[in-house]
>>> print(open('coords_27.cif').read())   # mmCIF, C-alpha atoms and all ligand atoms
data_input
loop_
_atom_site.label_atom_id
_atom_site.label_comp_id
_atom_site.auth_asym_id
_atom_site.auth_seq_id
_atom_site.Cartn_x
_atom_site.Cartn_y
_atom_site.Cartn_z
CA MET A 731 18.39 -1.19 1.93
CA PRO A 732 17.01 -2.55 -1.36
CA ASN A 733 13.68 -1.72 -2.85
CA VAL A 734 11.13 -4.49 -3.40
CA ALA A 735 9.08 -5.44 -6.46
CA VAL A 736 6.00 -7.61 -5.99
CA ILE A 737 4.71 -9.57 -8.96
CA GLY A 738 2.17 -12.35 -9.45
CA ALA A 739 3.68 -15.77 -10.21
CA GLN A 740 0.57 -17.41 -11.69
CA TRP A 741 -2.38 -15.99 -13.65
CA GLY A 742 -3.23 -13.15 -11.26
CA ASP A 743 -5.40 -12.86 -8.16
CA GLU A 744 -2.73 -14.46 -5.98
CA GLY A 745 -3.51 -12.20 -3.05
CA LYS A 746 -1.01 -9.48 -3.95
CA GLY A 747 -3.16 -6.82 -2.28
CA LYS A 748 -2.62 -8.14 1.22
CA VAL A 749 1.11 -8.72 0.75
CA VAL A 750 1.61 -5.31 -0.85
CA ASP A 751 -0.36 -3.70 1.97
CA TRP A 752 1.79 -5.48 4.52
CA LEU A 753 5.01 -4.42 2.78
CA ALA A 754 3.68 -0.91 2.16
CA SER A 755 3.65 -0.30 5.87
CA ARG A 756 7.44 -0.70 5.72
CA ALA A 757 7.94 1.36 2.54
CA ASP A 758 7.99 5.11 1.88
CA ILE A 759 6.57 5.07 -1.65
CA VAL A 760 4.43 2.56 -3.54
CA VAL A 761 4.63 2.57 -7.35
CA ARG A 762 2.32 0.97 -9.92
CA PHE A 763 4.30 0.32 -13.10
CA GLN A 764 2.04 -1.54 -15.56
CA GLY A 765 -1.55 -2.56 -16.22
CA GLY A 766 -4.54 -0.36 -15.52
CA HIS A 767 -7.93 -0.67 -13.90
CA ASN A 768 -8.09 -4.30 -15.04
CA ALA A 769 -6.27 -5.09 -11.78
CA GLY A 770 -8.19 -5.66 -8.60
CA HIS A 771 -6.56 -5.59 -5.20
CA THR A 772 -8.64 -6.26 -2.12
CA LEU A 773 -7.29 -4.90 1.14
CA VAL A 774 -8.88 -5.78 4.44
CA VAL A 775 -7.91 -3.27 7.10
CA GLY A 776 -9.78 -3.63 10.37
CA ASN A 777 -13.47 -3.55 9.49
CA GLN A 778 -12.92 -1.74 6.17
CA THR A 779 -12.49 -3.55 2.85
CA TYR A 780 -10.88 -1.47 0.13
CA LYS A 781 -11.12 -2.59 -3.48
CA LEU A 782 -8.41 -0.86 -5.47
CA SER A 783 -7.91 -1.06 -9.22
CA LEU A 784 -5.64 1.80 -10.18
CA LEU A 785 -4.57 3.40 -6.94
CA PRO A 786 -1.30 2.12 -5.44
CA SER A 787 -2.15 0.07 -2.34
CA GLY A 788 0.16 2.03 -0.04
CA LEU A 789 -2.36 4.90 0.03
CA VAL A 790 -4.36 2.89 2.55
CA ARG A 791 -1.30 3.12 4.85
CA GLY A 792 -0.83 6.83 4.20
CA LYS A 793 2.13 6.21 1.89
CA LEU A 794 2.82 8.26 -1.23
CA GLY A 795 1.42 6.50 -4.30
CA ILE A 796 2.89 6.83 -7.78
CA ILE A 797 1.27 5.74 -11.03
CA GLY A 798 4.17 5.21 -13.41
CA ASN A 799 4.44 5.74 -17.14
CA GLY A 800 3.94 2.00 -17.77
CA VAL A 801 0.34 2.17 -16.50
CA VAL A 802 -2.61 2.89 -18.78
CA VAL A 803 -4.85 5.32 -16.91
CA ASP A 804 -8.57 5.73 -17.44
CA PRO A 805 -8.94 9.23 -15.96
CA TRP A 806 -12.66 8.80 -15.24
CA ALA A 807 -12.01 5.47 -13.50
CA LEU A 808 -9.22 7.12 -11.51
CA LEU A 809 -11.47 9.95 -10.32
CA ALA A 810 -14.27 7.49 -9.50
CA GLU A 811 -11.87 5.33 -7.48
CA ILE A 812 -10.53 8.34 -5.60
CA ALA A 813 -14.14 9.38 -4.79
CA ARG A 814 -14.95 5.82 -3.68
CA VAL A 815 -12.06 5.47 -1.25
CA GLN A 816 -12.63 9.01 -0.01
CA SER A 817 -16.20 8.00 0.89
CA GLN A 818 -14.57 5.26 3.02
CA GLY A 819 -12.58 7.89 4.87
CA LEU A 820 -9.30 7.75 2.94
CA ARG A 821 -7.83 11.02 1.68
CA VAL A 822 -6.15 11.17 -1.74
CA PRO A 823 -4.98 14.76 -2.23
CA PRO A 824 -2.45 15.48 -5.00
CA ASP A 825 0.45 15.40 -2.55
CA MET A 826 -0.38 11.74 -1.81
CA LEU A 827 -0.74 10.58 -5.41
CA ARG A 828 1.46 11.43 -8.39
CA VAL A 829 0.72 10.33 -11.94
CA ALA A 830 3.42 10.18 -14.61
CA ASP A 831 3.03 12.91 -17.21
CA ASN A 832 3.93 10.37 -19.89
CA ALA A 833 1.36 7.76 -18.78
CA ILE A 834 -1.11 6.71 -21.50
CA LEU A 835 -4.80 7.57 -21.10
CA ILE A 836 -7.59 5.07 -21.68
CA LEU A 837 -10.56 6.71 -23.40
CA PRO A 838 -14.12 5.39 -23.78
CA LEU A 839 -13.30 4.30 -27.34
CA HIS A 840 -10.72 1.83 -26.02
CA GLY A 841 -13.29 -0.01 -23.91
CA ALA A 842 -15.73 0.05 -26.83
CA LEU A 843 -13.14 -1.50 -29.17
CA ASP A 844 -12.07 -4.06 -26.55
CA ARG A 845 -15.67 -5.23 -26.09
CA ALA A 846 -16.57 -5.14 -29.80
CA ARG A 847 -13.55 -7.27 -30.67
CA GLU A 848 -14.27 -9.75 -27.90
CA ALA A 849 -17.87 -10.07 -29.13
CA ALA A 850 -16.62 -10.63 -32.68
CA ARG A 851 -14.24 -13.36 -31.49
CA GLY A 852 -17.14 -15.42 -30.13
CA ASP A 853 -15.89 -18.69 -28.64
CA ALA A 854 -12.30 -17.68 -29.37
CA ARG A 855 -12.55 -14.65 -27.06
CA ILE A 856 -9.65 -13.91 -24.71
CA GLY A 857 -11.92 -13.11 -21.81
CA THR A 858 -10.53 -9.59 -21.31
CA THR A 859 -11.88 -7.34 -18.58
CA GLY A 860 -13.40 -5.17 -21.35
CA ARG A 861 -11.75 -2.07 -19.93
CA GLY A 862 -9.80 -1.05 -23.00
CA ILE A 863 -6.39 -2.14 -21.73
CA GLY A 864 -5.25 -3.86 -24.95
CA PRO A 865 -6.39 -1.09 -27.34
CA ALA A 866 -4.73 1.57 -25.15
CA TYR A 867 -1.37 -0.22 -25.20
CA GLU A 868 -1.75 -0.72 -28.96
CA ASP A 869 -2.15 3.03 -29.36
CA LYS A 870 0.94 3.59 -27.22
CA VAL A 871 3.21 1.53 -29.47
CA GLY A 872 1.31 2.85 -32.50
CA ARG A 873 2.43 6.36 -31.40
CA ARG A 874 -1.06 7.82 -31.49
CA ALA A 875 -2.02 7.59 -27.80
CA ILE A 876 -3.10 10.52 -25.67
CA ARG A 877 -0.94 10.94 -22.59
CA ALA A 878 -1.62 12.60 -19.25
CA CYS A 879 0.55 15.60 -20.20
CA ASP A 880 -1.62 16.24 -23.29
CA LEU A 881 -4.47 17.32 -21.01
CA ALA A 882 -2.57 20.56 -20.49
CA GLU A 883 -2.44 21.32 -24.24
CA PRO A 884 -5.91 21.67 -25.81
CA GLU A 885 -4.46 22.09 -29.33
CA THR A 886 -2.38 18.95 -29.00
CA LEU A 887 -5.43 17.08 -27.70
CA SER A 888 -7.53 18.26 -30.60
CA ALA A 889 -4.96 17.22 -33.24
CA LYS A 890 -4.33 13.87 -31.56
CA LEU A 891 -8.04 13.09 -31.36
CA ASP A 892 -8.28 13.52 -35.15
CA GLU A 893 -5.70 10.82 -35.69
CA LEU A 894 -7.06 8.59 -32.95
CA LEU A 895 -10.63 8.78 -34.25
CA LEU A 896 -9.58 8.10 -37.82
CA HIS A 897 -8.08 4.85 -36.59
CA HIS A 898 -10.72 3.82 -34.05
CA ASN A 899 -13.86 4.81 -35.89
CA THR A 900 -12.67 2.85 -38.92
CA LEU A 901 -12.27 -0.23 -36.74
CA LEU A 902 -15.50 0.31 -34.79
CA ARG A 903 -17.49 0.82 -37.99
CA GLY A 904 -16.03 -2.40 -39.41
CA LEU A 905 -17.10 -4.25 -36.28
CA GLY A 906 -20.61 -2.80 -36.47
CA ALA A 907 -20.13 -0.85 -33.23
CA GLU A 908 -21.02 2.77 -32.48
CA THR A 909 -18.46 5.37 -33.49
CA PHE A 910 -17.25 8.36 -31.46
CA GLU A 911 -17.64 12.04 -32.15
CA LYS A 912 -14.62 14.29 -31.75
CA GLN A 913 -16.13 17.35 -30.09
CA ALA A 914 -17.86 15.33 -27.37
CA LEU A 915 -14.61 13.51 -26.55
CA LEU A 916 -12.59 16.70 -26.55
CA ASP A 917 -15.14 18.43 -24.30
CA SER A 918 -15.14 15.59 -21.80
CA LEU A 919 -11.33 15.49 -21.71
CA LEU A 920 -11.12 19.26 -21.21
CA GLU A 921 -13.72 18.97 -18.48
CA ILE A 922 -11.71 16.46 -16.43
CA ALA A 923 -8.30 18.01 -17.20
CA PRO A 924 -8.39 20.40 -14.22
CA LYS A 925 -9.20 17.49 -11.90
CA ILE A 926 -6.41 15.24 -13.21
CA LEU A 927 -3.60 17.70 -13.90
CA PRO A 928 -2.86 18.54 -10.23
CA TYR A 929 -1.75 14.90 -9.87
CA VAL A 930 0.46 14.91 -12.98
CA GLU A 931 4.24 15.38 -13.00
CA PRO A 932 7.46 13.78 -14.32
CA VAL A 933 7.48 11.09 -11.61
CA TRP A 934 10.94 9.86 -12.60
CA GLU A 935 12.44 12.98 -11.04
CA ARG A 936 10.72 12.35 -7.71
CA LEU A 937 11.72 8.68 -7.80
CA ASP A 938 15.31 9.57 -8.58
CA ALA A 939 15.41 11.97 -5.63
CA ALA A 940 13.77 9.38 -3.36
CA ARG A 941 16.35 6.84 -4.36
CA ARG A 942 19.22 9.20 -3.66
CA ASP A 943 17.69 9.96 -0.24
CA GLY A 944 17.63 6.24 0.56
CA ARG A 945 13.84 6.03 0.74
CA ARG A 946 12.25 2.60 0.41
CA ILE A 947 10.30 2.05 -2.79
CA LEU A 948 7.80 -0.75 -3.25
CA PHE A 949 6.89 -1.60 -6.85
CA GLU A 950 3.39 -3.04 -7.01
CA GLY A 951 2.83 -5.34 -9.98
CA ALA A 952 -0.59 -6.10 -11.42
CA GLN A 953 -1.78 -9.28 -13.21
CA ALA A 954 1.01 -11.88 -13.21
CA ALA A 955 3.91 -13.57 -15.02
CA MET A 956 1.73 -16.01 -16.93
CA LEU A 957 -0.36 -13.07 -18.21
CA ASP A 958 2.81 -11.29 -19.44
CA VAL A 959 2.45 -10.32 -23.10
CA ASP A 960 5.80 -12.00 -23.94
CA HIS A 961 6.18 -14.78 -21.40
CA GLY A 962 2.58 -15.74 -20.68
CA THR A 963 0.10 -18.04 -22.36
CA TYR A 964 -0.15 -15.81 -25.45
CA PRO A 965 -2.62 -14.73 -26.83
CA PHE A 966 -4.56 -15.34 -23.59
CA VAL A 967 -2.59 -12.68 -21.75
CA THR A 968 -2.86 -9.02 -20.86
CA SER A 969 -1.21 -6.40 -23.07
CA SER A 970 1.69 -5.37 -20.85
CA ASN A 971 4.89 -6.90 -19.53
CA THR A 972 4.11 -7.95 -16.00
CA VAL A 973 7.53 -9.29 -15.00
CA ALA A 974 9.72 -7.41 -12.52
CA ALA A 975 12.01 -5.97 -15.20
CA THR A 976 9.09 -3.71 -16.15
CA ALA A 977 9.16 -2.07 -12.71
CA ALA A 978 12.19 -0.10 -13.93
CA SER A 979 11.02 0.92 -17.41
CA GLY A 980 7.43 1.40 -16.25
CA SER A 981 8.40 3.95 -13.62
CA GLY A 982 11.39 5.65 -15.20
CA MET A 983 14.18 4.14 -13.14
CA GLY A 984 17.20 2.00 -14.01
CA PRO A 985 17.11 -1.79 -13.62
CA SER A 986 19.28 -1.75 -10.49
CA ALA A 987 16.56 0.24 -8.65
CA VAL A 988 14.13 -2.68 -8.61
CA GLY A 989 15.76 -4.56 -5.73
CA PHE A 990 14.37 -7.75 -4.27
CA VAL A 991 11.76 -9.49 -6.43
CA LEU A 992 8.99 -11.12 -4.45
CA GLY A 993 6.65 -13.40 -6.39
CA ILE A 994 3.17 -14.10 -5.05
CA ALA A 995 1.60 -17.52 -5.57
CA LYS A 996 -1.53 -19.11 -4.22
CA ALA A 997 -1.16 -22.56 -2.64
CA TYR A 998 -3.35 -23.75 -5.55
CA THR A 999 -4.04 -22.18 -8.95
CA THR A 1000 -6.79 -19.96 -10.35
CA ARG A 1001 -7.40 -18.23 -13.63
CA VAL A 1002 -10.08 -15.85 -14.93
CA GLY A 1003 -10.73 -15.51 -18.62
CA SER A 1004 -9.95 -18.04 -21.32
CA GLY A 1005 -6.74 -19.89 -22.12
CA PRO A 1006 -4.82 -23.02 -21.21
CA PHE A 1007 -4.87 -24.24 -17.61
CA PRO A 1008 -3.44 -27.78 -17.47
CA SER A 1009 -4.06 -28.39 -13.75
CA GLU A 1010 -7.65 -27.08 -13.84
CA LEU A 1011 -10.17 -29.12 -11.84
CA HIS A 1012 -13.65 -29.59 -13.26
CA ASP A 1013 -14.84 -31.69 -10.32
CA GLU A 1014 -16.15 -31.25 -6.80
CA THR A 1015 -12.66 -30.40 -5.44
CA GLY A 1016 -12.36 -27.53 -7.96
CA ARG A 1017 -15.77 -26.27 -6.94
CA GLN A 1018 -14.80 -26.50 -3.25
CA LEU A 1019 -11.57 -24.55 -3.78
CA GLY A 1020 -13.55 -21.80 -5.52
CA GLU A 1021 -16.12 -21.66 -2.75
CA ARG A 1022 -13.68 -21.73 0.16
CA GLY A 1023 -11.24 -19.35 -1.50
CA HIS A 1024 -14.06 -16.92 -2.52
CA GLU A 1025 -12.73 -17.11 -6.04
CA PHE A 1026 -14.63 -14.40 -7.85
CA GLY A 1027 -12.90 -11.67 -9.86
CA THR A 1028 -12.50 -8.38 -7.96
CA VAL A 1029 -12.99 -6.35 -11.13
CA THR A 1030 -15.56 -8.31 -13.12
CA GLY A 1031 -17.09 -10.61 -10.48
CA ARG A 1032 -16.51 -13.58 -12.79
CA PRO A 1033 -16.03 -16.97 -11.06
CA ARG A 1034 -12.38 -17.99 -11.25
CA ARG A 1035 -11.37 -21.36 -12.67
CA CYS A 1036 -9.60 -23.41 -9.96
CA GLY A 1037 -7.01 -26.18 -10.00
CA TRP A 1038 -4.02 -27.76 -8.28
CA PHE A 1039 -0.76 -25.93 -7.68
CA ASP A 1040 1.23 -25.95 -10.93
CA ALA A 1041 4.88 -26.01 -9.87
CA ALA A 1042 6.14 -26.22 -13.46
CA MET A 1043 4.39 -22.98 -14.30
CA VAL A 1044 5.53 -21.19 -11.14
CA ARG A 1045 9.11 -22.37 -11.76
CA GLN A 1046 8.92 -20.75 -15.20
CA ALA A 1047 7.56 -17.56 -13.60
CA VAL A 1048 10.47 -17.65 -11.13
CA LYS A 1049 12.96 -17.81 -14.01
CA VAL A 1050 11.46 -15.27 -16.41
CA GLY A 1051 10.28 -12.96 -13.65
CA GLY A 1052 13.56 -12.97 -11.73
CA ILE A 1053 11.69 -14.01 -8.58
CA GLN A 1054 14.02 -14.33 -5.58
CA GLY A 1055 11.47 -15.28 -2.94
CA LEU A 1056 7.90 -16.46 -2.95
CA ALA A 1057 4.97 -15.35 -0.83
CA LEU A 1058 2.56 -18.27 -0.64
CA THR A 1059 -1.05 -17.33 0.04
CA LYS A 1060 -4.33 -19.06 0.92
CA LEU A 1061 -2.79 -22.24 2.30
CA ASP A 1062 -5.83 -22.53 4.58
CA VAL A 1063 -8.10 -23.15 1.57
CA LEU A 1064 -6.46 -26.60 1.30
CA ASP A 1065 -7.16 -27.49 4.97
CA GLY A 1066 -9.02 -30.79 5.40
CA LEU A 1067 -8.33 -32.26 1.95
CA ASP A 1068 -7.17 -35.89 2.19
CA GLN A 1069 -4.71 -35.69 -0.64
CA LEU A 1070 -3.25 -32.90 -2.75
CA GLN A 1071 -1.73 -32.96 -6.20
CA ILE A 1072 1.12 -30.80 -7.44
CA CYS A 1073 1.68 -30.47 -11.18
CA THR A 1074 5.38 -31.03 -11.90
CA GLY A 1075 5.39 -31.01 -15.72
CA TYR A 1076 3.27 -31.93 -18.73
CA THR A 1077 2.76 -34.57 -21.37
CA ILE A 1078 1.87 -33.42 -24.85
CA ALA A 1079 1.09 -36.07 -27.45
CA GLY A 1080 2.96 -38.61 -25.31
CA ALA A 1081 6.14 -36.52 -24.91
CA ARG A 1082 7.21 -35.07 -21.54
CA PHE A 1083 7.77 -31.34 -21.03
CA ALA A 1084 9.23 -29.61 -17.98
CA HIS A 1085 7.54 -26.34 -18.95
CA LEU A 1086 4.64 -25.22 -21.11
CA PRO A 1087 5.85 -24.74 -24.70
CA ALA A 1088 5.10 -21.39 -26.34
CA ALA A 1089 2.86 -22.70 -29.14
CA PRO A 1090 -0.87 -22.36 -28.33
CA GLY A 1091 -1.79 -25.76 -29.80
CA ALA A 1092 0.77 -27.49 -27.56
CA GLN A 1093 -0.37 -25.46 -24.56
CA ALA A 1094 -3.99 -26.42 -25.12
CA ALA A 1095 -3.06 -30.10 -25.42
CA ALA A 1096 -0.80 -30.18 -22.32
CA LEU A 1097 -1.82 -32.74 -19.70
CA PRO A 1098 -0.51 -32.36 -16.15
CA ILE A 1099 1.95 -34.79 -14.58
CA TYR A 1100 1.02 -34.96 -10.90
CA GLU A 1101 2.84 -35.77 -7.72
CA THR A 1102 0.51 -36.74 -4.88
CA ILE A 1103 1.08 -35.54 -1.34
CA ASP A 1104 -0.98 -36.22 1.79
CA GLY A 1105 -3.14 -33.37 3.05
CA TRP A 1106 -3.68 -32.22 6.65
CA ARG A 1107 -6.71 -32.15 8.96
CA ASP A 1108 -5.90 -29.27 11.31
CA SER A 1109 -6.56 -25.67 10.39
CA THR A 1110 -3.74 -23.47 9.16
CA ARG A 1111 -5.94 -20.37 9.15
CA GLY A 1112 -4.48 -17.47 11.05
CA ALA A 1113 -1.15 -19.23 11.76
CA ARG A 1114 1.59 -16.75 12.62
CA SER A 1115 4.55 -19.08 13.05
CA TRP A 1116 5.75 -22.38 11.63
CA ALA A 1117 4.97 -23.96 15.01
CA ASP A 1118 1.27 -23.21 14.38
CA LEU A 1119 1.25 -25.29 11.18
CA PRO A 1120 0.52 -29.03 10.87
CA ALA A 1121 3.66 -30.99 9.90
CA GLN A 1122 2.09 -32.07 6.63
CA ALA A 1123 1.35 -28.46 5.64
CA ILE A 1124 5.02 -27.61 6.22
CA LYS A 1125 5.96 -30.59 4.04
CA TYR A 1126 3.71 -29.26 1.27
CA VAL A 1127 5.36 -25.82 1.45
CA ARG A 1128 8.86 -27.33 1.46
CA ARG A 1129 8.05 -29.46 -1.58
CA ILE A 1130 6.81 -26.39 -3.43
CA GLU A 1131 10.07 -24.59 -2.65
CA GLU A 1132 12.08 -27.47 -4.10
CA LEU A 1133 9.99 -27.74 -7.23
CA VAL A 1134 9.80 -24.04 -8.07
CA GLU A 1135 13.45 -23.45 -7.15
CA ALA A 1136 12.73 -20.44 -4.94
CA PRO A 1137 12.40 -20.09 -1.16
CA VAL A 1138 9.08 -19.28 0.46
CA THR A 1139 9.90 -16.04 2.25
CA LEU A 1140 6.36 -15.18 3.33
CA LEU A 1141 3.34 -17.31 4.13
CA SER A 1142 -0.07 -15.69 4.31
CA THR A 1143 -2.64 -17.63 6.32
CA SER A 1144 -5.78 -15.46 6.16
CA PRO A 1145 -6.92 -12.18 4.58
CA GLU A 1146 -6.02 -10.40 7.83
CA ARG A 1147 -2.83 -8.43 7.53
CA ASP A 1148 -1.16 -9.83 10.64
CA ASP A 1149 -1.84 -13.48 9.82
CA THR A 1150 1.49 -13.78 8.07
CA ILE A 1151 4.58 -15.87 8.70
CA MET A 1152 7.68 -13.97 7.64
CA VAL A 1153 10.74 -16.06 6.95
CA ARG A 1154 12.79 -13.24 5.54
CA ASP A 1155 12.13 -9.51 5.31
CA PRO A 1156 12.18 -8.64 1.58
CA PHE A 1157 13.40 -5.13 2.42
CA GLN A 1158 16.52 -6.69 3.96
CA GLY A 1159 17.29 -8.28 0.56
P1 LIG A 1201 -7.18 -7.49 -20.19
O1 LIG A 1201 -6.02 -7.20 -19.30
O2 LIG A 1201 -8.46 -6.81 -19.74
O3 LIG A 1201 -6.87 -7.21 -21.64
O4 LIG A 1201 -7.50 -9.05 -20.11
C1 LIG A 1201 -6.60 -10.02 -20.64
C2 LIG A 1201 -6.53 -11.25 -19.75
O5 LIG A 1201 -5.93 -10.91 -18.51
C3 LIG A 1201 -7.90 -11.84 -19.39
O6 LIG A 1201 -7.77 -13.25 -19.30
C4 LIG A 1201 -8.18 -11.26 -18.01
O7 LIG A 1201 -9.06 -12.07 -17.28
C5 LIG A 1201 -6.78 -11.27 -17.43
N1 LIG A 1201 -6.61 -10.28 -16.36
C6 LIG A 1201 -6.45 -8.94 -16.49
N2 LIG A 1201 -6.29 -8.36 -15.29
C7 LIG A 1201 -6.32 -9.35 -14.38
C8 LIG A 1201 -6.16 -9.39 -12.95
O8 LIG A 1201 -5.94 -8.38 -12.27
N3 LIG A 1201 -6.26 -10.63 -12.38
C9 LIG A 1201 -6.46 -11.75 -13.11
N4 LIG A 1201 -6.58 -11.77 -14.43
C10 LIG A 1201 -6.52 -10.58 -15.06
#
>>> encode(input="coords_27.cif", output="structure tokens")
Amino acid sequence: MPNVAVIGAQWGDEGKGKVVDWLASRADIVVRFQGGHNAGHTLVVGNQTYKLSLLPSGLVRGKLGIIGNGVVVDPWALLAEIARVQSQGLRVPPDMLRVADNAILILPLHGALDRAREAARGDARIGTTGRGIGPAYEDKVGRRAIRACDLAEPETLSAKLDELLLHHNTLLRGLGAETFEKQALLDSLLEIAPKILPYVEPVWERLDAARRDGRRILFEGAQAAMLDVDHGTYPFVTSSNTVAATAASGSGMGPSAVGFVLGIAKAYTTRVGSGPFPSELHDETGRQLGERGHEFGTVTGRPRRCGWFDAAMVRQAVKVGGIQGLALTKLDVLDGLDQLQICTGYTIAGARFAHLPAAPGAQAAALPIYETIDGWRDSTRGARSWADLPAQAIKYVRRIEELVEAPVTLLSTSPERDDTIMVRDPFQG
């Protein structure tokens, strides 16, 4: 019985929350392995809507959640999210949530630096979530970050804060932003330490034992392949590796533990934040997709940019992300459109490209090459079998499979958990 890793195949917000929730009901453990509270997963369960940022989605199904070492954890955001879901009736005691002792902590100075740098960039801003994700990962590789385990050692915390503040206050001062005072930071960390530490442990040991016991592990990715710090549209990316290979290193397991890699893609494309988006629509159709698909960021509430399905980009995500099957979401948003376009490649200064080149100038200049396909009139919303779908919608899905070189193994036809067509159970490999 393999494990399953779920990753986004576009620029995020593909509807991972619903698919992860659906798969979580079949898993024993759900693990977050990268990103932080920049992620936003919306889960609709009965008449409750849960908006999760840091907590592994399986908690909603009563499954053990693990926050791996690859995640950057804002401890205040974590406690606030736990309090929020608890007010909705969900319990998150320490035996339901484990946090890696070697996970990096996001402090208020990271958010401050993130926002000050974005402000200084002006029109060239990346459009980050402003939550300090980038600065926290920078501190990790800069070997000056504070980790969850440090909360148990006040002397270590104190010494580390000296180094951290030397670095950050220098930067913040240079950017004309407010600086941070050591004692206040230390006091606030020591204050939350007793609330966080009961969740903290070497999670790799628990995962190793779970694997040996044959328990099913679901790795829940955040953001998406095209926001990957190596493979995405750099520098308009997040600061972590989002591809499935990270599920292993970001949780403390070997690469063979990852199992089946399920990529999630919307039946069209959206993006929040800045950066290239060759198939973006600036017309009435783009506006309609945004309205019908409720395309507003879960975390920041920003309207998402909308466009046609970019098969060239998803094919690249399939290759670099090791995606073995695709879950296609929000097909119903395309219902009633006369004609649809699928981007199959790009032209840049008159030359044809099968994939987006790495250079930002070329990416910004890329024009989509479209293939036109007829739309369908009947509704696909809530379909639970292929027989419920209009023939033309099936044709659209089949064409996507050919172009992205991966089979569609799941089709999601509404936010409701049961409105799903399963072609192949990812847990069966
Ligand atoms: P950061 O992760 O806050 O540094 O933001 C970097 C880029 O990633 C920005 O374009 C964000 O809009 C984007 N981003 C970060 N998290 C998500 C997400 O969960 N969904 C979609 N885009 C995201």
>>> atom_distance(input="coords_27.cif", atom1="atom CA of Leu1086 of chain A", atom2="atom CA of Lys746 of chain A")
24.0 Å
>>> residues_near_ligand(input="coords_27.cif", ligand="ligand LIG 1201 (chain A)", cutoff="9 Å", atoms="only C-alpha atoms and all ligand atoms", output="VMD selection string")
chain A and resid 741 to 744 765 to 771 783 844 856 to 865 952 to 954 957 to 958 965 to 970 1000 to 1005 1027 to 1030 1032 1034
>>> axis_aligned_box(input="coords_27.cif", around="segment 1078-1093 of chain A", padding_each_side="3 Å", output="lines of an AutoDock Vina configuration file")
center_x = 3.7
center_y = -30.0
center_z = -23.9
size_x = 17.0
size_y = 23.2
size_z = 17.8
>>> atom_distance(input="coords_27.cif", atom1="atom CA of Pro732 of chain A", atom2="atom CA of Gly993 of chain A")
15.8 Å
>>> residues_around(input="coords_27.cif", residues="Arg814 of chain A", least_positions_apart="5", cutoff="12 Å", atoms="all atoms listed in the file", output="PDB file with C-alpha atoms, in the coordinates of the input")
ATOM      1  CA  THR A 779     -12.490  -3.550   2.850  1.00  0.00           C
ATOM      2  CA  TYR A 780     -10.880  -1.470   0.130  1.00  0.00           C
ATOM      3  CA  LYS A 781     -11.120  -2.590  -3.480  1.00  0.00           C
ATOM      4  CA  LEU A 782      -8.410  -0.860  -5.470  1.00  0.00           C
ATOM      5  CA  SER A 783      -7.910  -1.060  -9.220  1.00  0.00           C
ATOM      6  CA  LEU A 785      -4.570   3.400  -6.940  1.00  0.00           C
ATOM      7  CA  ALA A 807     -12.010   5.470 -13.500  1.00  0.00           C
ATOM      8  CA  LEU A 808      -9.220   7.120 -11.510  1.00  0.00           C
ATOM      9  CA  LEU A 809     -11.470   9.950 -10.320  1.00  0.00           C
ATOM     10  CA  GLY A 819     -12.580   7.890   4.870  1.00  0.00           C
ATOM     11  CA  LEU A 820      -9.300   7.750   2.940  1.00  0.00           C
ATOM     12  CA  ARG A 821      -7.830  11.020   1.680  1.00  0.00           C
ATOM     13  CA  VAL A 822      -6.150  11.170  -1.740  1.00  0.00           C
TER      14      VAL A 822
END
>>> atom_distance(input="coords_27.cif", atom1="atom CA of Glu911 of chain A", atom2="atom CA of Leu891 of chain A")
9.7 Å
>>> residues_around(input="coords_27.cif", residues="Leu937 of chain A", least_positions_apart="4", cutoff="9 Å", atoms="all atoms listed in the file", output="PyMOL selection string")
chain A and resi 759+933+941-942+947+981-983
>>> write_last_selection(input="coords_27.cif", atoms="C-alpha atoms", output="compact mmCIF listing (two decimals), in the frame of the given file")
# COMPACT_ATOMS: atom_id res chain seq x y z
CA ILE A 759 6.57 5.07 -1.65
CA VAL A 933 7.48 11.09 -11.61
CA ARG A 941 16.35 6.84 -4.36
CA ARG A 942 19.22 9.20 -3.66
CA ILE A 947 10.30 2.05 -2.79
CA SER A 981 8.40 3.95 -13.62
CA GLY A 982 11.39 5.65 -15.20
CA MET A 983 14.18 4.14 -13.14
>>> residues_around(input="coords_27.cif", residues="Gly795 of chain A", least_positions_apart="5", cutoff="9 Å", atoms="all atoms listed in the file", output="PDB file with C-alpha atoms, keeping the file's coordinate frame")
ATOM      1  CA  ILE A 759       6.570   5.070  -1.650  1.00  0.00           C
ATOM      2  CA  VAL A 760       4.430   2.560  -3.540  1.00  0.00           C
ATOM      3  CA  VAL A 761       4.630   2.570  -7.350  1.00  0.00           C
ATOM      4  CA  ARG A 762       2.320   0.970  -9.920  1.00  0.00           C
ATOM      5  CA  LEU A 785      -4.570   3.400  -6.940  1.00  0.00           C
ATOM      6  CA  PRO A 786      -1.300   2.120  -5.440  1.00  0.00           C
ATOM      7  CA  SER A 787      -2.150   0.070  -2.340  1.00  0.00           C
ATOM      8  CA  GLY A 788       0.160   2.030  -0.040  1.00  0.00           C
ATOM      9  CA  LEU A 789      -2.360   4.900   0.030  1.00  0.00           C
ATOM     10  CA  MET A 826      -0.380  11.740  -1.810  1.00  0.00           C
ATOM     11  CA  LEU A 827      -0.740  10.580  -5.410  1.00  0.00           C
ATOM     12  CA  ARG A 828       1.460  11.430  -8.390  1.00  0.00           C
ATOM     13  CA  VAL A 829       0.720  10.330 -11.940  1.00  0.00           C
TER      14      VAL A 829
END
